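S.K.: Please find one structure pasted underneath; my questions will follow.
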Amino acid sequence: MESRAAAMASLLRLQDTRGFDAPAFAMLAGNPNVEVRALLARVMAGTADGRVAVPLERLGKDRSPAVRAAAAEAIGRLLARPPGIGDARVARQLEPALARLLTDPDAGVREAGAWAVGAAGRVKAGKILIKALGGEQRPKVRAAILVELWRTQGAAWVPAAVAALGDADAGVRFAAAWSLARRATPECAGALQRAALDADPLVRIAALSAAKRGRAGDLATAALASAGHGDVRVRIAAFEALQAVFDAPGAPALPETLIRQLESTIADPDLRRSHERTAAIRLAGVAGCAVSERRTLVTTGRGWERAEAIRSLGQHPSTLDALDDDLRRAGDFEVRAAAIAGSAR
């Protein structure tokens, strides 16, 4: 039996050649070291020869859950690559193995199987994942399935994801909101509005991200409600969603209360709020509202903040007086570039 060092050397050789070496695969698959067998599965995923399907399928039945999980991921990667000669036969061999791994006794293997089904992108992926979701009790595995649904074809999975937004587990609700936000079709609108007001901050953030994918109008009310949330991450997500809302043609003016909030945020020198401050600066620029603190940042902020403030002011002709010759000769390259671009509008 090969030592661990010799086995690792063999794995590196196989990884470099990407060829099919049946004797080497068989020897490594019988190695007592779990790490070696798991790495073998990952090496097989990069093999260009379709004959690798048979030994990879065997690794999917390994006694170790870690190896079975690695085999599931490897199958997903193998099926996701661009189709080539003989790949239809490989798919016929490996798709049943992937479906079997989704029912594995070990939850970690089922999680890996969910990722693999989504990554593989096969025509029946949605049907396979929805079936697995219906029989799954573990929240972590349910979340792993839900977070992959958006990658599948069609919209048959949407009702299952909408139903999952009512799950008691926040991780499950987050995964459902994530998939719905990435599909962001009209049938998802009502569910996303509810998810954007969820008690869990991460669920809100996932739902609000749909605003950047064409559903800004549906989320305007929820985004405004979240702009004053106690969690800074939610406030940043709300500001970013509102950028999409108020950048649309015919958008109304920002509410006065939100303008005051933007002023307060932009004026706050606390370094820990830098990401929130950037989002506030961008929202003020998109909406074209008169937030005087941006002018202060133009001359007193750190380099990247000055540049962001200049870009924000430069979106509207009435604010171009802040982009003077001194800024265009500033020592910070990003500030100079932003000022020059703004003055050219």
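How things are named: the first chain in the structure tokens is A, the next is B, and so on; residues count from 1 in each chain; ligands count from 1 in the order shown.
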In segment 18-160 of chain A, what's alpha helix (DSSP H) per DSSP? Answer as a compact mmCIF listing (two decimals) with N, CA and C atoms, in the first residue's frame?
M.R.:
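Output (states26.txt):
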# COMPACT_ATOMS: atom_id res chain seq x y z
N ALA A 22 -6.14 4.04 -15.12
CA ALA A 22 -6.98 3.12 -14.34
C ALA A 22 -6.24 2.47 -13.17
N PRO A 23 -5.00 1.94 -13.37
CA PRO A 23 -4.30 1.33 -12.24
C PRO A 23 -4.04 2.32 -11.10
N ALA A 24 -3.64 3.55 -11.45
CA ALA A 24 -3.37 4.55 -10.41
C ALA A 24 -4.65 4.93 -9.68
N PHE A 25 -5.74 5.10 -10.42
CA PHE A 25 -7.02 5.43 -9.78
C PHE A 25 -7.44 4.31 -8.82
N ALA A 26 -7.29 3.07 -9.26
CA ALA A 26 -7.71 1.94 -8.43
C ALA A 26 -6.88 1.86 -7.15
N MET A 27 -5.56 2.08 -7.27
CA MET A 27 -4.69 2.02 -6.10
C MET A 27 -5.03 3.13 -5.11
N LEU A 28 -5.22 4.34 -5.62
CA LEU A 28 -5.52 5.48 -4.74
C LEU A 28 -6.91 5.35 -4.11
N ALA A 29 -7.85 4.76 -4.84
CA ALA A 29 -9.20 4.57 -4.30
C ALA A 29 -9.20 3.58 -3.14
N VAL A 34 -8.40 8.78 4.33
CA VAL A 34 -9.61 9.44 3.82
C VAL A 34 -9.26 10.66 2.99
N GLU A 35 -8.27 11.43 3.42
CA GLU A 35 -7.88 12.64 2.69
C GLU A 35 -7.42 12.31 1.28
N VAL A 36 -6.67 11.21 1.14
CA VAL A 36 -6.19 10.80 -0.18
C VAL A 36 -7.36 10.46 -1.09
N ARG A 37 -8.32 9.70 -0.57
CA ARG A 37 -9.45 9.30 -1.40
C ARG A 37 -10.32 10.51 -1.77
N ALA A 38 -10.49 11.44 -0.83
CA ALA A 38 -11.27 12.65 -1.14
C ALA A 38 -10.57 13.50 -2.19
N LEU A 39 -9.26 13.63 -2.09
CA LEU A 39 -8.50 14.39 -3.09
C LEU A 39 -8.55 13.70 -4.45
N LEU A 40 -8.58 12.37 -4.43
CA LEU A 40 -8.69 11.63 -5.70
C LEU A 40 -9.97 12.02 -6.43
N ALA A 41 -11.07 12.13 -5.70
CA ALA A 41 -12.33 12.53 -6.34
C ALA A 41 -12.19 13.88 -7.02
N ARG A 42 -11.53 14.82 -6.35
CA ARG A 42 -11.36 16.16 -6.93
C ARG A 42 -10.45 16.13 -8.15
N VAL A 43 -9.44 15.28 -8.11
CA VAL A 43 -8.55 15.13 -9.28
C VAL A 43 -9.33 14.54 -10.45
N MET A 44 -10.18 13.57 -10.17
CA MET A 44 -10.98 12.95 -11.23
C MET A 44 -11.87 13.97 -11.93
N ALA A 45 -12.35 14.97 -11.18
CA ALA A 45 -13.22 15.98 -11.78
C ALA A 45 -12.52 16.76 -12.87
N ALA A 53 -15.79 8.30 -15.26
CA ALA A 53 -17.12 8.22 -14.64
C ALA A 53 -17.27 6.98 -13.77
N VAL A 54 -16.74 5.85 -14.21
CA VAL A 54 -16.92 4.60 -13.46
C VAL A 54 -16.22 4.64 -12.11
N PRO A 55 -14.90 4.93 -12.05
CA PRO A 55 -14.26 5.00 -10.72
C PRO A 55 -14.81 6.12 -9.85
N LEU A 56 -15.26 7.21 -10.45
CA LEU A 56 -15.83 8.31 -9.67
C LEU A 56 -17.16 7.90 -9.05
N GLU A 57 -17.94 7.15 -9.80
CA GLU A 57 -19.21 6.65 -9.26
C GLU A 57 -18.95 5.73 -8.07
N ARG A 58 -17.88 4.93 -8.15
CA ARG A 58 -17.53 4.04 -7.03
C ARG A 58 -17.16 4.85 -5.78
N LEU A 59 -16.44 5.95 -5.98
CA LEU A 59 -16.09 6.78 -4.84
C LEU A 59 -17.33 7.37 -4.18
N PRO A 65 -18.10 9.42 4.73
CA PRO A 65 -18.94 10.53 4.25
C PRO A 65 -18.14 11.64 3.58
N ALA A 66 -16.92 11.89 4.08
CA ALA A 66 -16.09 12.96 3.49
C ALA A 66 -15.74 12.63 2.04
N VAL A 67 -15.48 11.37 1.77
CA VAL A 67 -15.15 10.96 0.40
C VAL A 67 -16.39 11.01 -0.48
N ARG A 68 -17.53 10.57 0.05
CA ARG A 68 -18.76 10.63 -0.74
C ARG A 68 -19.12 12.08 -1.06
N ALA A 69 -18.92 12.98 -0.10
CA ALA A 69 -19.20 14.40 -0.35
C ALA A 69 -18.27 14.94 -1.43
N ALA A 70 -16.99 14.57 -1.36
CA ALA A 70 -16.03 15.01 -2.38
C ALA A 70 -16.40 14.45 -3.75
N ALA A 71 -16.89 13.21 -3.77
CA ALA A 71 -17.31 12.60 -5.04
C ALA A 71 -18.52 13.33 -5.61
N ALA A 72 -19.45 13.72 -4.75
CA ALA A 72 -20.63 14.47 -5.22
C ALA A 72 -20.20 15.77 -5.87
N GLU A 73 -19.32 16.51 -5.21
CA GLU A 73 -18.83 17.78 -5.78
C GLU A 73 -18.11 17.54 -7.10
N ALA A 74 -17.32 16.48 -7.15
CA ALA A 74 -16.58 16.16 -8.37
C ALA A 74 -17.53 15.83 -9.52
N ILE A 75 -18.58 15.09 -9.23
CA ILE A 75 -19.57 14.77 -10.27
C ILE A 75 -20.23 16.05 -10.78
N GLY A 76 -20.56 16.96 -9.87
CA GLY A 76 -21.15 18.23 -10.28
C GLY A 76 -20.23 19.01 -11.20
N ARG A 77 -18.96 19.06 -10.86
CA ARG A 77 -17.99 19.79 -11.70
C ARG A 77 -17.82 19.12 -13.05
N LEU A 78 -17.80 17.80 -13.04
CA LEU A 78 -17.61 17.05 -14.28
C LEU A 78 -18.80 17.27 -15.22
N LEU A 79 -20.00 17.24 -14.68
CA LEU A 79 -21.20 17.42 -15.51
C LEU A 79 -21.40 18.87 -15.94
N ALA A 80 -20.77 19.80 -15.22
CA ALA A 80 -20.94 21.22 -15.55
C ALA A 80 -20.04 21.70 -16.67
N ASP A 87 -19.73 12.77 -23.73
CA ASP A 87 -20.23 13.30 -22.46
C ASP A 87 -21.68 12.91 -22.18
N ALA A 88 -22.46 12.62 -23.21
CA ALA A 88 -23.84 12.16 -22.98
C ALA A 88 -23.82 10.82 -22.24
N ARG A 89 -22.88 9.97 -22.60
CA ARG A 89 -22.76 8.68 -21.91
C ARG A 89 -22.32 8.88 -20.46
N VAL A 90 -21.39 9.81 -20.26
CA VAL A 90 -20.92 10.11 -18.90
C VAL A 90 -22.09 10.60 -18.05
N ALA A 91 -22.92 11.48 -18.61
CA ALA A 91 -24.07 12.01 -17.88
C ALA A 91 -25.03 10.89 -17.50
N ARG A 92 -25.27 9.96 -18.42
CA ARG A 92 -26.18 8.84 -18.13
C ARG A 92 -25.65 7.99 -16.98
N GLN A 93 -24.32 7.90 -16.88
CA GLN A 93 -23.72 7.10 -15.81
C GLN A 93 -23.75 7.82 -14.47
N LEU A 94 -23.55 9.14 -14.49
CA LEU A 94 -23.35 9.87 -13.24
C LEU A 94 -24.60 10.53 -12.67
N GLU A 95 -25.59 10.84 -13.49
CA GLU A 95 -26.79 11.49 -12.97
C GLU A 95 -27.51 10.64 -11.92
N PRO A 96 -27.66 9.31 -12.13
CA PRO A 96 -28.29 8.50 -11.08
C PRO A 96 -27.47 8.51 -9.78
N ALA A 97 -26.14 8.54 -9.91
CA ALA A 97 -25.29 8.58 -8.72
C ALA A 97 -25.52 9.87 -7.94
N LEU A 98 -25.70 10.96 -8.66
CA LEU A 98 -25.93 12.25 -8.02
C LEU A 98 -27.27 12.26 -7.29
N ALA A 99 -28.29 11.71 -7.93
CA ALA A 99 -29.61 11.63 -7.29
C ALA A 99 -29.54 10.76 -6.03
N ARG A 100 -28.75 9.69 -6.09
CA ARG A 100 -28.61 8.81 -4.92
C ARG A 100 -27.91 9.54 -3.77
N LEU A 101 -26.90 10.34 -4.09
CA LEU A 101 -26.16 11.06 -3.05
C LEU A 101 -27.04 12.10 -2.34
N ALA A 107 -25.85 14.03 6.36
CA ALA A 107 -26.35 15.35 5.95
C ALA A 107 -25.32 16.12 5.14
N GLY A 108 -24.04 15.99 5.48
CA GLY A 108 -22.99 16.69 4.74
C GLY A 108 -22.91 16.23 3.30
N VAL A 109 -23.12 14.95 3.08
CA VAL A 109 -23.12 14.41 1.71
C VAL A 109 -24.32 14.95 0.95
N ARG A 110 -25.46 15.03 1.60
CA ARG A 110 -26.65 15.56 0.93
C ARG A 110 -26.46 17.03 0.56
N GLU A 111 -25.81 17.80 1.45
CA GLU A 111 -25.51 19.20 1.13
C GLU A 111 -24.63 19.28 -0.12
N ALA A 112 -23.58 18.47 -0.16
CA ALA A 112 -22.69 18.47 -1.32
C ALA A 112 -23.44 18.04 -2.57
N GLY A 113 -24.34 17.08 -2.42
CA GLY A 113 -25.14 16.63 -3.56
C GLY A 113 -26.04 17.74 -4.10
N ALA A 114 -26.60 18.54 -3.20
CA ALA A 114 -27.45 19.66 -3.63
C ALA A 114 -26.64 20.66 -4.45
N TRP A 115 -25.45 21.00 -3.95
CA TRP A 115 -24.59 21.92 -4.71
C TRP A 115 -24.27 21.33 -6.09
N ALA A 116 -23.95 20.04 -6.11
CA ALA A 116 -23.55 19.40 -7.36
C ALA A 116 -24.68 19.39 -8.38
N VAL A 117 -25.90 19.13 -7.94
CA VAL A 117 -27.04 19.13 -8.86
C VAL A 117 -27.23 20.52 -9.46
N GLY A 118 -27.12 21.55 -8.62
CA GLY A 118 -27.24 22.92 -9.13
C GLY A 118 -26.12 23.28 -10.08
N ALA A 119 -24.89 22.90 -9.72
CA ALA A 119 -23.73 23.23 -10.56
C ALA A 119 -23.78 22.51 -11.90
N ALA A 120 -24.27 21.27 -11.89
CA ALA A 120 -24.31 20.49 -13.12
C ALA A 120 -25.25 21.10 -14.15
N ALA A 125 -32.68 19.13 -13.21
CA ALA A 125 -32.13 19.52 -11.91
C ALA A 125 -33.20 20.07 -10.97
N GLY A 126 -34.08 20.94 -11.50
CA GLY A 126 -35.12 21.52 -10.66
C GLY A 126 -36.03 20.47 -10.06
N LYS A 127 -36.43 19.51 -10.90
CA LYS A 127 -37.32 18.44 -10.43
C LYS A 127 -36.64 17.60 -9.35
N ILE A 128 -35.35 17.31 -9.55
CA ILE A 128 -34.59 16.51 -8.58
C ILE A 128 -34.49 17.24 -7.25
N LEU A 129 -34.18 18.54 -7.30
CA LEU A 129 -34.01 19.31 -6.07
C LEU A 129 -35.33 19.50 -5.33
N ILE A 130 -36.40 19.75 -6.06
CA ILE A 130 -37.71 19.93 -5.41
C ILE A 130 -38.14 18.64 -4.71
N LYS A 131 -37.89 17.51 -5.36
CA LYS A 131 -38.22 16.21 -4.74
C LYS A 131 -37.41 16.01 -3.47
N ALA A 132 -36.11 16.33 -3.54
CA ALA A 132 -35.26 16.18 -2.36
C ALA A 132 -35.70 17.11 -1.23
N LEU A 133 -36.11 18.32 -1.60
CA LEU A 133 -36.55 19.30 -0.59
C LEU A 133 -37.78 18.80 0.16
N GLY A 134 -38.68 18.15 -0.57
CA GLY A 134 -39.92 17.67 0.04
C GLY A 134 -39.70 16.63 1.11
N GLY A 135 -38.63 15.84 0.98
CA GLY A 135 -38.38 14.79 1.97
C GLY A 135 -37.30 15.12 2.98
N PRO A 139 -32.55 21.43 8.54
CA PRO A 139 -32.56 22.80 8.01
C PRO A 139 -31.35 23.13 7.14
N LYS A 140 -30.15 22.68 7.54
CA LYS A 140 -28.95 23.01 6.76
C LYS A 140 -29.02 22.43 5.35
N VAL A 141 -29.55 21.22 5.24
CA VAL A 141 -29.66 20.59 3.92
C VAL A 141 -30.78 21.25 3.12
N ARG A 142 -31.88 21.58 3.78
CA ARG A 142 -32.96 22.30 3.08
C ARG A 142 -32.43 23.62 2.52
N ALA A 143 -31.63 24.31 3.32
CA ALA A 143 -31.04 25.57 2.85
C ALA A 143 -30.11 25.33 1.67
N ALA A 144 -29.32 24.27 1.73
CA ALA A 144 -28.39 23.95 0.64
C ALA A 144 -29.14 23.67 -0.66
N ILE A 145 -30.30 23.03 -0.56
CA ILE A 145 -31.12 22.76 -1.74
C ILE A 145 -31.74 24.05 -2.27
N LEU A 146 -32.32 24.83 -1.38
CA LEU A 146 -33.01 26.06 -1.79
C LEU A 146 -32.08 27.06 -2.46
N VAL A 158 -40.47 27.82 -7.93
CA VAL A 158 -40.81 29.07 -7.23
C VAL A 158 -41.80 28.83 -6.08
N PRO A 159 -42.90 28.07 -6.27
CA PRO A 159 -43.82 27.86 -5.14
C PRO A 159 -43.15 27.21 -3.93
N ALA A 160 -42.22 26.29 -4.18
CA ALA A 160 -41.51 25.65 -3.06
C ALA A 160 -40.65 26.66 -2.31
S.K.: Please, what distance in Å, to one decimal, runs between atom CA of Leu102 of chain A and atom CA of Asp62 of chain A?
M.R.: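 Interatomic distance, atom CA of Leu102 of chain A to atom CA of Asp62 of chain A: 14.7 Å.
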S.K.: In Å to one decimal, how far is atom CA of Asp167 of chain A from atom CA of Val203 of chain A?
M.R.: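 Those two atoms sit 11.7 Å apart.
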S.K.: Would you list the contacts of Ala191 of chain A as an MDAnalysis selection string, taking every protein, DNA or RNA residue within 9 Å and counting only C-alpha atoms, but skipping same-chain residues closer than 5 positions in sequence?
M.R.: chainID A and resid 162 165 177 180 196 207
S.K.: Would you pick out the contacts of Gly166 of chain A at 10 Å or less, using only C-alpha atoms, so that residues sharing its chain but fewer than 4 positions from it are not included, and give the list as a short mmCIF file (atom, residue, chain, number, x, y, z; two decimals) with N, CA and C atoms, in the first residue's frame?
M.R.:
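Final file, selection.cif:
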data_model
loop_
_atom_site.label_atom_id
_atom_site.label_comp_id
_atom_site.auth_asym_id
_atom_site.auth_seq_id
_atom_site.Cartn_x
_atom_site.Cartn_y
_atom_site.Cartn_z
N ALA A 161 -40.00 27.55 -3.05
CA ALA A 161 -39.17 28.58 -2.41
C ALA A 161 -40.02 29.58 -1.65
N VAL A 162 -41.16 29.96 -2.23
CA VAL A 162 -42.07 30.89 -1.55
C VAL A 162 -42.57 30.27 -0.24
N ALA A 170 -34.06 30.50 10.14
CA ALA A 170 -33.66 31.69 9.38
C ALA A 170 -32.76 31.33 8.20
N VAL A 172 -32.93 28.68 6.32
CA VAL A 172 -33.81 28.20 5.25
C VAL A 172 -34.48 29.39 4.56
N ARG A 173 -34.96 30.34 5.35
CA ARG A 173 -35.62 31.52 4.77
C ARG A 173 -34.62 32.33 3.94
N ALA A 176 -34.09 30.60 0.58
CA ALA A 176 -35.25 30.78 -0.29
C ALA A 176 -35.27 32.19 -0.88
N ARG A 194 -42.39 40.49 1.18
CA ARG A 194 -42.53 39.99 2.55
C ARG A 194 -41.16 39.65 3.15
N ALA A 195 -40.32 39.01 2.34
CA ALA A 195 -39.00 38.62 2.83
C ALA A 195 -38.14 39.83 3.16
N ASP A 198 -38.46 40.68 6.73
CA ASP A 198 -38.28 39.55 7.64
C ASP A 198 -37.57 40.00 8.92
#
